[in-house]
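What follows is one structure encoded as C-alpha cells, with my remarks underneath.
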Amino acid sequence: MAHQAAVVTVVTGHVCPLYADVLRILDQVGERHPLKVREVLVGSPEADALIDEHAPAMLPLVLVDGTYLSEGPLPRAELEARLAASEAAALV
C-alpha cells in the first residue's frame, strides 16, 4: 500500500548556505519515504506569514505537513522518525 506523500515546506532565502544540504537530505530521505517538497522564498506573502508564525532564528525553516520540524541544519533522524510515525498512523 502506497503512503500519501508528506508535504515538506522549506522556507529559504536566495543565498541560504544550508539550503543545498537540506535538499540533499530531503532527496535521500525521499528514497524511503514519499515526500512532496515545496520551496517558499523569503519575501513572498507565504514565507512572511510562516516566519511571523514560527519566528525562526535562522533559515531554512522546515515544516512537515504544516507542522514545525526545524530551522537551520535539518535533523535527518527527527525527520525520518516523524515520517515513519505518520506512515504508521496512516495504517491504523
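By convention here, the chains of the C-alpha cells are called A, B, ... in the order presented, each chain's residues are numbered starting at 1, and ligands are numbered starting at 1 in the order presented.
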**Asked** Could you name the residues that touch Arg82 of chain A at 10 Å or less, counting only C-alpha atoms, but leaving out those on the same chain fewer than 4 positions away, as an MDAnalysis selection string?
**Response** chainID A and resid 6 64 69 76:78 86:88
Print the selection's residues with C-alpha atoms to a file, as a short mmCIF file (atom, residue, chain, number, x, y, z; two decimals), in the first residue's frame.
```
data_model
loop_
_atom_site.label_atom_id
_atom_site.label_comp_id
_atom_site.auth_asym_id
_atom_site.auth_seq_id
_atom_site.Cartn_x
_atom_site.Cartn_y
_atom_site.Cartn_z
CA ALA A 6 4.25 14.17 3.28
CA VAL A 64 6.28 18.76 7.64
CA LEU A 69 10.24 20.50 12.26
CA ARG A 76 17.65 13.87 9.48
CA ALA A 77 16.84 11.40 12.28
CA GLU A 78 14.00 13.57 13.56
CA SER A 86 2.95 9.45 10.25
CA GLU A 87 3.08 6.45 7.93
CA ALA A 88 2.39 4.06 10.83
#
```
**Request:** Write down as a PyMOL selection string the residues belonging to segment 20-91 of chain A that are assigned alpha helix (DSSP H) by DSSP computed on the backbone.
**Result:** chain A and resi 20-29+45-54+76-91
**Prompt:** Closest to Val42 of chain A among A:Leu26, A:Pro60, A:Leu18, A:Val8, using only C-alpha atoms?
**Reply:**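 So, comparing all the options, the nearest one is A:Pro60.
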**Message:** I want to know what sits within 12 Å of Leu79 of chain A, based on only C-alpha atoms, with residues of the same chain fewer than 3 positions away left out; could you give that as a list in words?
**Reply:** Ala6, Val7, Val8, Val22, Ile25, Leu26, Gln28, Val29, Gly30, Arg32, His33, Leu35, Val62, Leu63, Val64, Asp65, Thr67, Tyr68, Leu69, Ser70, Pro73, Leu74, Pro75, Arg76, Arg82, Leu83, Ala84, Ala85 and Ser86 of chain A
Could you please take those selected residues and save N, CA and C atoms as a JSON list (two decimals), in the first residue's frame?
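The file below, selection30.json, is the result:
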```json
[["chain", "number", "residue", "atom", "x", "y", "z"],
["A", 6, "ALA", "N", 4.19, 13.07, 2.31],
["A", 6, "ALA", "CA", 4.25, 14.17, 3.28],
["A", 6, "ALA", "C", 4.65, 15.43, 2.52],
["A", 7, "VAL", "N", 4.07, 16.55, 2.89],
["A", 7, "VAL", "CA", 4.42, 17.82, 2.28],
["A", 7, "VAL", "C", 5.47, 18.49, 3.17],
["A", 8, "VAL", "N", 6.67, 18.66, 2.61],
["A", 8, "VAL", "CA", 7.76, 19.30, 3.34],
["A", 8, "VAL", "C", 7.93, 20.70, 2.75],
["A", 22, "VAL", "N", 20.00, 20.78, 3.03],
["A", 22, "VAL", "CA", 18.61, 20.40, 3.31],
["A", 22, "VAL", "C", 18.03, 19.65, 2.11],
["A", 25, "ILE", "N", 19.50, 16.10, 1.90],
["A", 25, "ILE", "CA", 18.89, 15.20, 2.90],
["A", 25, "ILE", "C", 17.48, 14.83, 2.49],
["A", 26, "LEU", "N", 16.70, 15.80, 2.03],
["A", 26, "LEU", "CA", 15.32, 15.51, 1.60],
["A", 26, "LEU", "C", 15.31, 14.54, 0.43],
["A", 28, "GLN", "N", 17.57, 12.22, -0.21],
["A", 28, "GLN", "CA", 17.93, 10.90, 0.32],
["A", 28, "GLN", "C", 16.77, 10.28, 1.11],
["A", 29, "VAL", "N", 16.15, 11.06, 1.97],
["A", 29, "VAL", "CA", 15.03, 10.57, 2.76],
["A", 29, "VAL", "C", 13.85, 10.22, 1.85],
["A", 30, "GLY", "N", 13.70, 10.99, 0.77],
["A", 30, "GLY", "CA", 12.62, 10.76, -0.18],
["A", 30, "GLY", "C", 12.73, 9.43, -0.91],
["A", 32, "ARG", "N", 13.11, 6.68, 0.65],
["A", 32, "ARG", "CA", 12.46, 5.72, 1.54],
["A", 32, "ARG", "C", 11.06, 6.15, 1.98],
["A", 33, "HIS", "N", 10.80, 7.45, 1.90],
["A", 33, "HIS", "CA", 9.50, 7.97, 2.33],
["A", 33, "HIS", "C", 8.98, 8.89, 1.24],
["A", 35, "LEU", "N", 7.69, 12.02, -0.37],
["A", 35, "LEU", "CA", 7.74, 13.44, 0.00],
["A", 35, "LEU", "C", 7.33, 14.32, -1.16],
["A", 62, "VAL", "N", 11.87, 24.53, 8.20],
["A", 62, "VAL", "CA", 11.30, 23.33, 7.59],
["A", 62, "VAL", "C", 10.06, 22.91, 8.35],
["A", 63, "LEU", "N", 8.97, 22.72, 7.61],
["A", 63, "LEU", "CA", 7.71, 22.24, 8.15],
["A", 63, "LEU", "C", 7.36, 20.92, 7.48],
["A", 64, "VAL", "N", 6.77, 20.01, 8.22],
["A", 64, "VAL", "CA", 6.28, 18.76, 7.64],
["A", 64, "VAL", "C", 4.77, 18.74, 7.84],
["A", 65, "ASP", "N", 4.06, 18.67, 6.74],
["A", 65, "ASP", "CA", 2.60, 18.72, 6.77],
["A", 65, "ASP", "C", 2.10, 19.89, 7.60],
["A", 67, "THR", "N", 3.52, 21.43, 10.07],
["A", 67, "THR", "CA", 3.96, 21.47, 11.46],
["A", 67, "THR", "C", 5.47, 21.69, 11.51],
["A", 68, "TYR", "N", 5.90, 22.58, 12.39],
["A", 68, "TYR", "CA", 7.31, 22.91, 12.55],
["A", 68, "TYR", "C", 8.15, 21.66, 12.77],
["A", 69, "LEU", "N", 9.26, 21.55, 12.03],
["A", 69, "LEU", "CA", 10.24, 20.50, 12.26],
["A", 69, "LEU", "C", 11.56, 21.09, 12.72],
["A", 70, "SER", "N", 12.07, 22.09, 11.98],
["A", 70, "SER", "CA", 13.39, 22.60, 12.32],
["A", 70, "SER", "C", 13.66, 23.93, 11.65],
["A", 73, "PRO", "N", 20.24, 23.71, 10.19],
["A", 73, "PRO", "CA", 20.56, 22.36, 9.71],
["A", 73, "PRO", "C", 19.38, 21.41, 9.95],
["A", 74, "LEU", "N", 19.09, 20.58, 8.96],
["A", 74, "LEU", "CA", 17.95, 19.66, 9.04],
["A", 74, "LEU", "C", 18.32, 18.41, 9.84],
["A", 75, "PRO", "N", 17.59, 18.13, 10.93],
["A", 75, "PRO", "CA", 17.87, 16.93, 11.72],
["A", 75, "PRO", "C", 17.27, 15.69, 11.04],
["A", 76, "ARG", "N", 18.10, 15.00, 10.29],
["A", 76, "ARG", "CA", 17.65, 13.87, 9.48],
["A", 76, "ARG", "C", 16.92, 12.81, 10.31],
["A", 82, "ARG", "N", 9.62, 11.32, 12.30],
["A", 82, "ARG", "CA", 8.30, 11.92, 12.11],
["A", 82, "ARG", "C", 7.57, 11.29, 10.92],
["A", 83, "LEU", "N", 8.28, 11.06, 9.83],
["A", 83, "LEU", "CA", 7.67, 10.45, 8.66],
["A", 83, "LEU", "C", 7.23, 9.02, 8.94],
["A", 84, "ALA", "N", 8.07, 8.25, 9.63],
["A", 84, "ALA", "CA", 7.72, 6.88, 9.96],
["A", 84, "ALA", "C", 6.49, 6.83, 10.86],
["A", 85, "ALA", "N", 6.41, 7.72, 11.84],
["A", 85, "ALA", "CA", 5.25, 7.77, 12.74],
["A", 85, "ALA", "C", 3.99, 8.12, 11.97],
["A", 86, "SER", "N", 4.11, 9.06, 11.05],
["A", 86, "SER", "CA", 2.95, 9.45, 10.25],
["A", 86, "SER", "C", 2.49, 8.30, 9.36]]
```
**Prompt:** Using the chain letters and numbers from this document, which residues of chain A does DSSP assign to strand (DSSP E or B), as a list in words?
**Reply:** Ala6, Val7, Val8, Thr9, Val10, Val11, Thr12, Leu35, Lys36, Val37, Arg38, Glu39, Val40, Leu41, Leu61, Val62, Leu63, Val64, Thr67, Tyr68, Leu69, Ser70 and Glu71 of chain A
**Request:** Would you work out the distance separating atom CA of His54 of chain A from atom CA of Glu71 of chain A, expressed in Å to one decimal?
**Result:** 9.6 Å
**Request:** Could you tell me which of A:Gly13, A:Pro56, A:Gly72, A:Gly66 comes closest to Val40 of chain A if we count only C-alpha atoms?
**Result:**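 Of A:Gly13, A:Pro56, A:Gly72, A:Gly66, the one nearest Val40 of chain A, counting only C-alpha atoms, is A:Gly13.
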**Item:** Gap from atom CA of Val37 of chain A to atom CA of Thr9 of chain A - Å, one decimal
**Value:** 5.9 Å
**Prompt:** So what do you get for atom CA of Leu41 of chain A versus atom CA of Tyr19 of chain A, distance-wise?
**Reply:** 11.3 Å
